[in-house]
Structures are given as structure tokens and as C-alpha cells.
Amino acid sequence: MKKLLLALLLPFSIMAQSPFQSYHKDPVQYREHVLDITKMKLEVSFLPEVKQVNGKVSHSFVVLRKTVDSIFFDGPGIIIHQALLNGKKLTFKANKSGIWVFPSTPLTWNQIAEITFDYTAKPQKGIYFIGWNQPDVSDTIAYPKNLEADPFRVRRQIWTQGQGIDNRHWIPMYDDMNDKFITETVIKFDSKYKVLSNGLLKAKTKNKDGSITWHYAMSKPHAGYLLMLAIGKYEVETAKSKSGVPLQYWYYPEFKNRVEPTFRYSPMMIDFMEEQTGIPYPWETYSQVMVQDFMYGAMENTTATIFGDFFFVDNRAFLDKNYIGVNCHELTHQWFGDFVTARDGRDAWLQESFATFYPKQLSRVLDGEQEWDWQRRQHQVSAVEAGKKDNYSVRHSAGGTARVYPKGAAVLSMLVYYLGEEQWKKVLSHYLKTHAYANVETIDLQQAIKDVLGLNLDWFFDQWIYRGGEPHFRVHYEDLTYNDGSKSTEIAIEQIHAHTETVGAFRMPITLEVHYTDGSKSSVVEEISKDFEVVKIDNPEKKKIAFVLFDPNSNVLKQLSFRKGFEELTAQAANATSYLDRYDAVLGLRTFPIEQKRALLVQTTQKEKHYAILNETISQLASDTSPQLIPVWFNLYKNQSAQVRAHLIKEIGFRNTTRSLFELALKDSSYEVVKNAMTVWIEAEFLLDNNNMGLVIKNINQNLVGSISMNHALEIKRLELLHLHGYGSLEGDLVQLFEYASPKYEFRTRVNAFQAIIALNCFKDYPWLDIFEPMLSFNSRLSGPAVELCKHLCLDEKVRLHLKKELANAQLSLSDKEIIKNLIPLLK
């Protein structure tokens, strides 16, 4: 058998032994520039109703070349009124990408100078004007005081999003991450609003026209894409970390009760990151501000993180979704991304992978070892799934988010596993100190390991960062008895992933364990680096094998094919030390009949605590209608994790024996549990025709009194389900549904409403909704669902003709109408 395997793998071995190394060519290259910008001072005011920026920006710089006779600044679509060099008029010429300037006398090496632009912009990117065509939330005519305060109504705000290269759309600037400079921002705006920008607030001046001028300044350089503004009606709460870092939480004044659950652990996170990196927080202050319609989760602008207000939660909503992980992610960027910044997009993993890695490390502190293990596994799974589509590397611009975020984080976990935590921290501190406030490349991290530990891990970075792919190991073992009566376990390991010019055999130290029925084990660590290897583990006491583990606790990123029988999986599920090994054993039971595995799964529900293994167990048991499982369901419902309760209610189905459990679930503290209970129960009652719908509706309505679920998800789902099954109040409820879909609400509420409109197919009865406005949104998480809604509506001929007429008469530009027609060809 071994000879056959070796023969089959011979072509792979020859390829792996090739003296040549191949890599995917990356189109992204270093952007050349002729100046070193040292400071950018921005002075702006706005006409928000027409989305206009009026600005003046001054760039102080040092000349990098021997002679420079022309300089380019990014600024697509910006109108330049005047350009000055050291206060004197400067010749300029604008094109569709930006502005060329031409000094009358060429600039020379190391010359220090300043270029200033006066300009106007109406940008489509980079800066966003939210809600200025809607009534303000404080407008008592549009929103009478007798209406309950609603955190999801649209608010008037201005905010920016500079990453990747979007600040250039509202500031003429050198907009690339490979130059870092000090910024100063001076913003004039209506006194009813507060303004946040990077750095410390140096001055706040009242003007005669009723406006206020806000003056912020940084003291250390950062990349231009990290410059930010946020303007809105906020209150500010302050805090301090143990090390004395001042924090500010900018929040909506009506909802002070949401501040603590939203910003929970923020000061502790700074202490955590300082301990992990060995570097004090590298800036003077740290603010966090929520905004509406944000197209991502959050953005790590230096000293001032912007995040979507869909994370602005009360204690109840906190159970289902909260800001903790994203909060830590963005805070990590204050070190990795802001303090040290990738030189270009190829090394974005030095920012995003670290910012994905450290929330995982924080979870170990806050939620325990099993949650840390589970997050490690999720990162590994994401990487492997991406690897099934293509074999781009982490350090390739086409690698995608799965490489830059979870795979890179998984690689960092392996690096810590390989080096040990103390050595890793020493390397990391050196790396950050060496490149403080500067640009970095992957080679800088490699060099730090060499400088601090004297280790050459070029092989590690080559296979995990510069090359793509992930190892796929196929493992089996034999329990051998020799002629002299001695015993051993031989474990055969094959690397069966596709071998290409850029992906070969992987090299990593792997732990192998043989567990025996008496509870003891034998363990070895072997460096696996070939396509086929056999590891021998002696069994001098001739013990009976219970199960064998390859890479216990899943420390190495990989796919693993390792067939095990029912007895082995049972022993592993019951006795493996590592949570992930027990989880994998339960996962391996999926193909076995319920009668064979029921007792083990029930035992697992009693013994395990983490939601992932409990949810897997629930899924495997859910189809079993045995009465003996009813006590199991009730016991699982007592779990503190809302994820377990929500999954349980979703999976087990409503029937008479579970009715009392569903009655409990309708009163649950978790909105997600309530939504699942409502959905499953209403659909079951409709199918069973038990005439109990009145009781269900009463229970639901009682639970919704006095609460607003996140983005009105629960309220909208209730409307959808009741109307879908003929129990709704058409006049009142559907009017409210279309209100939720209108621009009066933030985008997630609107998307929830769009989905309900599709399910109910009710647009033709209420055709006044403007469907074109959200289709043109800058936020793809709004425009995408709006397009899907429009496609669905166009399936109805009457509605399609109505929409076609509406589009022809709409107050939209010809280009916007063309965009909509291209998105929905049926409207042409």
C-alpha cells in the first residue's frame, strides 16, 4: 500500500523539488511621488442641502527629487478657484483625475514649500450628507413629541469615509497610503451641531452668523485616507483607560441608556492592546462616533473611529449583536494601520489581519478559551473556503477579504503557536518601535523576527503569505503488532491538495496523539513537509487505541480528511481535552442514524457549554420527535447564550409538546429568540389550522409593548407574518410598513421593510414608495436590496408599467435614469 501511494504521489514530489519558485504577478505597484508631504491644513464649510464642500487646503512639503517642474494632486471633479505656491499664484491645470501644478521655477532637492488650493466640490464619494432632504428628528411637526423616540429615524449628519482612496473626492491632496503627514482641520458649521475630527480640539469659536468654527490638530503623522469629519447632533460621554488615555463616546442625546452597552469594555480594550503590543496607545485621545447609513461596520480613522449606528444597542439588543468585536478591531488599527501603515495595498494584511487577530485574542479574556478556539476555527474555515475558489495569496491585491482578514489572522495565530507568546510579543514590540509613525512591508515583520530572535522564518512567510493555497491532509493509521510481540501506531500523512507552480507541499510542526482506552495518551511533534510521510508512535504497554488526533486543538490552518468510526468518534467526543476536537467528533456523527447517536448527543447537551457544539447537537437531534427529548429542549433553553436559545427554537419546530417552550420564547430577553418563536409558531398554526392564532398574536403584541427591536426587525417581521397568513390590519400596518421603507428611516430598517414588501407582494396597493431613490444610494447595502425589490415588482405587468412611467417623470438626471435602466432592463 505504501509503495502504491508513493508511486501516485511521485509527480507531486518532483514538482515540489523544483529549484524554481513561482508567484502570482500582482498589478498593484508602489506609487511614485516627488514630494514628502509633512502637513496638510484643511479649512472647510458646507452647503449640506446641495451636498457642497467649500474648502481651502494647504500642503507643506519637502522636495524629494533633484528637480521638480510639475506636481500632481488627486482631486477628481473638484473645481479649483486658485492655487498658490508660498503665497504666490501657481499655474494649474485640472483633468478628470485631479490637478497638475507647474511652478514657475523648478523645485529642488530638500526644498521646503507650501501649496494651497481654494476649491469647491460636490463629491459623490468620500463625504456623505445624510438626511438633509428629510425633516430633522427634533422637528416636532414631522415627529410629534407624543411619538416614542425612535433611534432608527433618519438624522441630519455629515461624515466621511476616506479608505481606500476617497478623500480625494472632496480634498485636492496626495491620496495614497505611502506618505504620512500631520493634519489640521478647521470646520465652520451651524451651532446646533457638534463636529469631530482627528486629534485634539484646539479651539471652538463662535461666529457672528451663528455658526461655530471647530479647530482640530494632530501632533503625529498619519496617512491621508485616515482624515475624518463627523457632524451631527450628539452628546459626548468621557472615560479614561487605566493608563490615562482619554476616551470620548459620541452618541444620540435621546438614548443615554444605550451608551454603556454600546461602548462596553472600551477603556479595558486600550489596556489590553497596550499589554499585548508592549506599546502605549500612540495618540493623544480616542473618540468613537456613530453615524447613519454607514456602508461598512466601522472605520479606524486616527484618534476618531466612525461606526454604523446599527451597533448602538440597549441591553436587550446587546444579546443578539453588539459592538465589542468591531470596537476592538478598529482600536487595534490605531496601532496596526494608523501608527504603522502598509506601504501599499499588497501589505494591507499587516493592518486588517492584525485587527482581526486581536479581537479573537480579546475574546479569550472576555468569553473564555472555547470562544477563542471557535473564532480561530472560523478564521480557518473562511480561509479554506476562499482557497477552493482560487489560490491567491494573503499578500496579493486580488486575494480578497477572506485572505486579508481571516486567513491573515489564522496565519498570525500559527506564528504565535510556532514562536510562543512571549517571543511573539517581544518581536511585535520591536517591529512597532522600529517603524513608529512610518510605512511598513511584510519583509519588515520578517526582519523583526530575525533581529530579535535570530530565527529565519522566510519559509513560513513564503508558504503562508507570499503564496496561496492551504494544505489538505489525508490521514489514516494502523495499529501494528510485530513478530516480536511489540506494538506501535503508524500514522500515514498525505498532502493531497492540488500542487501547482505556486502551491507545493507545506511545512509545519504537527502534534500527533494516540489516545488509549485507559485514558492515557502518547504524543509526538513532527515536522511535516513532504507529500507523503509515515510517523511511528511506539505502544510499549500494548494499550488499546480509543482514538487518534492529528494536530489536536487545530493549531494549523488546513483541510483534514481523517475517517473515523462511530466508536472512535464517541470516545473523542466524550474524552478529548480540546473543545475543537470534541466539536469535530460531534460533527463527524452527522452521517450516523439518530438511534445510534441519540444517547451521545443528549449527553453532549448536558456536558458542553459553548453555543457552537450545542447548536450542532441541536441540529442533529431536531428531526427526532421522541418524547424523551422534551426535557432536553427545556434544559437547553435555560442556556445563557441567546444563540443557543434562538437556534433551538428555530430548529425543533412547534407542536403541542413544545407549546409551553414557545410561550417562554415569546417573552425571551433576546429579540432574535422572539423573532424565531414568532415565525415558527405562526407558520405552524397556519398549517395546523388550530384556531389558536389569536392567542399567538396576543402573546406577540404583549412582548412588543414598550420596546423597539434593532432596525425594527421584529416589528416588521410581525407585520409580514400576520399579513402573509391573513391576520393583519391592512390599513394601519401596511402604511407603517411603507413608512419603514421610506427615506425617513436608516438603511437597515428600510432593507427589512423591502424584504417584507417582496414577501407580501403588496406594492401595487401602495404605489407611492419612491423605489428609485434607494437604488441610487452610495451604500450598496441599501441599493442592492432596492434593486432586488424593483426586479421583483417588475414581474407584475401593471406595476412595471407604473414604474416605467414614474421613472420617465422622475426628477432625476439623464445619467441617473440610465443607471436605473441598466440595473433593471425591464424599465427601458
# chains A, B, ... in the order shown; residues from 1 in each chain; ligands from 1

$ residues_around --residues "Asp770 (chain A)" --least-positions-apart "5" --cutoff "10 Å" --atoms "only C-alpha atoms" --output "VMD selection string"
chain A and resid 741 to 743 775 803 806 to 807 810

$ residues_around --residues "Glu568 (chain A)" --least-positions-apart "5" --cutoff "9 Å" --atoms "only C-alpha atoms" --output "JSON, numbers by chain"
{"A": [545, 546, 547, 548, 573, 585]}

$ closest_residue --among "A:Glu235, A:Asp176, A:Glu739, A:Asp118" --to "Lys194 (chain A)" --atoms "only C-alpha atoms"
A:Glu235

$ closest_residue --among "A:Phe129, A:Tyr323, A:Phe532, A:Trp464" --to "Ile496 (chain A)" --atoms "only C-alpha atoms"
A:Phe532

$ select_by_dssp --residues "region 470-503 of chain A" --states "strand (DSSP E)" --output "list in words"
His472, Phe473, Arg474, Val475, His476, Tyr477, Glu478, Asp479, Leu480, Thr481, Lys487, Ser488, Thr489, Glu490, Ile491, Ala492, Ile493, Glu494 and Gln495 of chain A

$ residues_around --residues "region 101-116 of chain A" --least-positions-apart "5" --cutoff "6 Å" --atoms "only C-alpha atoms" --output "JSON list (two decimals) with C-alpha atoms, in the first residue's frame"
[["chain", "number", "residue", "atom", "x", "y", "z"],
["A", 57, "VAL", "CA", -6.26, 73.20, 1.79],
["A", 58, "SER", "CA", -2.57, 73.89, 2.34],
["A", 59, "HIS", "CA", 0.12, 71.24, 1.79],
["A", 60, "SER", "CA", 3.53, 71.75, 3.43],
["A", 61, "PHE", "CA", 6.21, 69.54, 1.91],
["A", 62, "VAL", "CA", 9.84, 68.69, 1.28],
["A", 63, "VAL", "CA", 11.02, 68.07, -2.29],
["A", 64, "LEU", "CA", 12.33, 64.50, -2.86],
["A", 65, "ARG", "CA", 13.87, 64.85, -6.35],
["A", 66, "LYS", "CA", 16.79, 66.82, -7.77],
["A", 67, "THR", "CA", 14.39, 68.98, -9.81],
["A", 68, "VAL", "CA", 10.60, 69.04, -9.92],
["A", 69, "ASP", "CA", 8.80, 71.11, -12.56],
["A", 70, "SER", "CA", 5.26, 69.66, -12.18],
["A", 71, "ILE", "CA", 3.28, 68.07, -9.38],
["A", 83, "ALA", "CA", -3.60, 77.71, -6.49],
["A", 84, "LEU", "CA", -0.71, 79.30, -4.59],
["A", 85, "LEU", "CA", 2.92, 78.35, -4.03],
["A", 86, "ASN", "CA", 4.28, 80.02, -0.90],
["A", 91, "THR", "CA", -0.26, 77.79, -12.66],
["A", 92, "PHE", "CA", -2.55, 74.76, -12.59]]

$ closest_atom_pairs --of "region 386-493 of chain A" --to "region 260-274 of chain A" --cutoff "12 Å" --atoms "only C-alpha atoms" --output "CSV"
residue,atom,partner,partner_atom,distance
A:Lys425,CA,A:Glu274,CA,11.0
A:Leu428,CA,A:Glu274,CA,11.6
A:Ser429,CA,A:Glu274,CA,10.0
A:Leu432,CA,A:Glu274,CA,11.7

$ write_last_selection --atoms "C-alpha atoms" --output "PDB file, in the first residue's frame"
ATOM      1  CA  LYS A 425       5.307  39.844  21.990  1.00  0.00           C
ATOM      2  CA  LEU A 428       5.977  42.672  17.914  1.00  0.00           C
ATOM      3  CA  SER A 429       7.167  45.401  20.256  1.00  0.00           C
ATOM      4  CA  LEU A 432       6.278  48.619  16.138  1.00  0.00           C
TER       5      LEU A 432
END

$ atom_distance --atom1 "CA of Lys242 (chain A)" --atom2 "CA of Ile279 (chain A)"
14.3 Å

$ atom_distance --atom1 "CA of Leu722 (chain A)" --atom2 "CA of Ser669 (chain A)"
22.0 Å

$ closest_residue --among "A:Ala409, A:Arg582, A:Phe310, A:Val394" --to "Thr356 (chain A)" --atoms "only C-alpha atoms"
A:Ala409

$ closest_residue --among "A:Phe152, A:Trp374, A:Phe550, A:Phe255" --to "Thr749 (chain A)" --atoms "only C-alpha atoms"
A:Phe152

$ residues_around --residues "Met218 (chain A)" --least-positions-apart "2" --cutoff "9 Å" --atoms "only C-alpha atoms" --output "ChimeraX atom specification"
/A:182-185,198-200,216,220-222,283-284,303

$ write_last_selection --atoms "C-alpha atoms" --output "compact mmCIF listing (two decimals), in the first residue's frame"
# COMPACT_ATOMS: atom_id res chain seq x y z
CA ILE A 182 0.34 65.79 10.22
CA THR A 183 -3.21 67.07 9.63
CA GLU A 184 -5.04 70.11 10.92
CA THR A 185 -8.76 70.61 10.29
CA ASN A 198 -8.74 63.89 14.10
CA GLY A 199 -6.55 64.85 17.05
CA LEU A 200 -7.17 67.31 19.85
CA TYR A 216 -8.65 70.16 15.46
CA LYS A 220 1.98 62.99 14.77
CA PRO A 221 1.79 61.99 11.10
CA HIS A 222 -0.78 59.62 9.66
CA TRP A 283 -2.05 59.12 20.12
CA GLU A 284 -3.31 61.82 22.50
CA THR A 303 -7.94 59.03 17.07

$ residues_around --residues "Phe772 (chain A)" --least-positions-apart "5" --cutoff "9 Å" --atoms "only C-alpha atoms" --output "ChimeraX atom specification"
/A:786-787,790,807,810,817,820

$ atom_distance --atom1 "CA of Glu541 (chain A)" --atom2 "CA of Tyr477 (chain A)"
18.3 Å

$ residues_around --residues "Ser619 (chain A)" --least-positions-apart "3" --cutoff "10 Å" --atoms "only C-alpha atoms" --output "MDAnalysis selection string"
chainID A and resid 590 613:616 622:624 647:648 650:652

$ write_last_selection --atoms "all heavy atoms" --output "short mmCIF file (atom, residue, chain, number, x, y, z; two decimals), in the first residue's frame"
data_model
loop_
_atom_site.label_atom_id
_atom_site.label_comp_id
_atom_site.auth_asym_id
_atom_site.auth_seq_id
_atom_site.Cartn_x
_atom_site.Cartn_y
_atom_site.Cartn_z
N ARG A 590 -22.72 13.29 11.94
CA ARG A 590 -23.84 13.68 11.09
C ARG A 590 -24.39 12.53 10.24
O ARG A 590 -25.59 12.44 10.00
CB ARG A 590 -23.43 14.84 10.18
CG ARG A 590 -23.42 16.19 10.84
CD ARG A 590 -23.09 17.28 9.83
NE ARG A 590 -23.16 18.61 10.43
CZ ARG A 590 -22.94 19.74 9.75
NH1 ARG A 590 -22.64 19.68 8.46
NH2 ARG A 590 -23.03 20.90 10.37
N ILE A 613 -21.01 23.90 19.63
CA ILE A 613 -21.21 22.46 19.74
C ILE A 613 -22.65 22.14 20.16
O ILE A 613 -23.24 21.15 19.70
CB ILE A 613 -20.18 21.83 20.71
CG1 ILE A 613 -20.17 20.31 20.56
CG2 ILE A 613 -20.43 22.25 22.14
CD1 ILE A 613 -18.99 19.64 21.27
N LEU A 614 -23.25 22.99 20.98
CA LEU A 614 -24.64 22.78 21.35
C LEU A 614 -25.56 22.95 20.14
O LEU A 614 -26.51 22.17 19.95
CB LEU A 614 -25.04 23.73 22.47
CG LEU A 614 -24.41 23.45 23.84
CD1 LEU A 614 -24.80 24.54 24.84
CD2 LEU A 614 -24.81 22.08 24.37
N ASN A 615 -25.31 23.95 19.32
CA ASN A 615 -26.14 24.16 18.14
C ASN A 615 -25.99 23.04 17.13
O ASN A 615 -26.96 22.64 16.48
CB ASN A 615 -25.80 25.51 17.50
CG ASN A 615 -26.36 26.67 18.29
OD1 ASN A 615 -27.09 26.48 19.26
ND2 ASN A 615 -26.01 27.89 17.90
N GLU A 616 -24.79 22.49 17.01
CA GLU A 616 -24.60 21.34 16.12
C GLU A 616 -25.37 20.14 16.66
O GLU A 616 -26.01 19.39 15.90
CB GLU A 616 -23.11 21.01 16.00
CG GLU A 616 -22.80 19.75 15.19
CD GLU A 616 -23.29 19.80 13.76
OE1 GLU A 616 -23.35 20.91 13.18
OE2 GLU A 616 -23.63 18.73 13.21
N ALA A 622 -32.81 17.61 16.03
CA ALA A 622 -34.05 18.35 15.81
C ALA A 622 -35.13 17.53 15.13
O ALA A 622 -36.32 17.71 15.41
CB ALA A 622 -33.77 19.62 15.02
N SER A 623 -34.75 16.64 14.22
CA SER A 623 -35.76 15.86 13.48
C SER A 623 -36.32 14.70 14.31
O SER A 623 -37.25 14.02 13.88
CB SER A 623 -35.14 15.31 12.19
OG SER A 623 -34.03 14.47 12.49
N ASP A 624 -35.76 14.47 15.47
CA ASP A 624 -36.19 13.37 16.34
C ASP A 624 -37.37 13.84 17.19
O ASP A 624 -37.23 14.73 18.03
CB ASP A 624 -35.02 12.95 17.23
CG ASP A 624 -35.31 11.69 18.03
OD1 ASP A 624 -36.47 11.22 17.99
OD2 ASP A 624 -34.40 11.21 18.72
N HIS A 647 -31.32 29.27 18.15
CA HIS A 647 -31.14 28.12 17.27
C HIS A 647 -32.10 26.99 17.66
O HIS A 647 -32.68 26.33 16.79
CB HIS A 647 -29.69 27.65 17.32
CG HIS A 647 -29.35 26.60 16.31
ND1 HIS A 647 -29.21 26.90 14.97
CD2 HIS A 647 -29.15 25.27 16.42
CE1 HIS A 647 -28.92 25.79 14.31
NE2 HIS A 647 -28.88 24.78 15.16
N LEU A 648 -32.25 26.78 18.94
CA LEU A 648 -33.15 25.73 19.42
C LEU A 648 -34.57 25.96 18.92
O LEU A 648 -35.21 25.05 18.35
CB LEU A 648 -33.13 25.72 20.96
CG LEU A 648 -34.11 24.78 21.65
CD1 LEU A 648 -33.70 23.33 21.45
CD2 LEU A 648 -34.21 25.10 23.14
N LYS A 650 -35.62 27.77 16.47
CA LYS A 650 -35.68 27.72 15.00
C LYS A 650 -35.68 26.28 14.49
O LYS A 650 -36.34 25.96 13.49
CB LYS A 650 -34.49 28.49 14.41
CG LYS A 650 -34.50 28.59 12.90
CD LYS A 650 -33.32 29.42 12.41
CE LYS A 650 -33.33 29.54 10.90
NZ LYS A 650 -32.17 30.34 10.42
N GLU A 651 -34.96 25.40 15.17
CA GLU A 651 -34.74 24.05 14.66
C GLU A 651 -35.81 23.04 15.06
O GLU A 651 -36.17 22.18 14.26
CB GLU A 651 -33.37 23.54 15.13
CG GLU A 651 -32.18 24.22 14.46
CD GLU A 651 -31.98 23.76 13.03
OE1 GLU A 651 -31.75 22.56 12.81
OE2 GLU A 651 -32.06 24.62 12.14
N ILE A 652 -36.30 23.09 16.29
CA ILE A 652 -37.07 21.94 16.79
C ILE A 652 -38.51 21.92 16.28
O ILE A 652 -39.16 20.88 16.31
CB ILE A 652 -37.07 21.88 18.33
CG1 ILE A 652 -37.76 23.11 18.94
CG2 ILE A 652 -35.65 21.72 18.84
CD1 ILE A 652 -37.92 23.03 20.44
#

$ residues_around --residues "Tyr637 (chain A)" --least-positions-apart "3" --cutoff "12 Å" --atoms "only C-alpha atoms" --output "ChimeraX atom specification"
/A:605-606,611,614-615,618,630-634,640-650,652,658,660-665,668,673

$ closest_residue --among "A:Gln736, A:Thr481, A:Gln628, A:Asn439" --to "Ala348 (chain A)" --atoms "only C-alpha atoms"
A:Asn439

$ select_by_dssp --residues "region 3-137 of chain A" --states "alpha helix (DSSP H)" --output "number ranges by chain"
A: 3-16
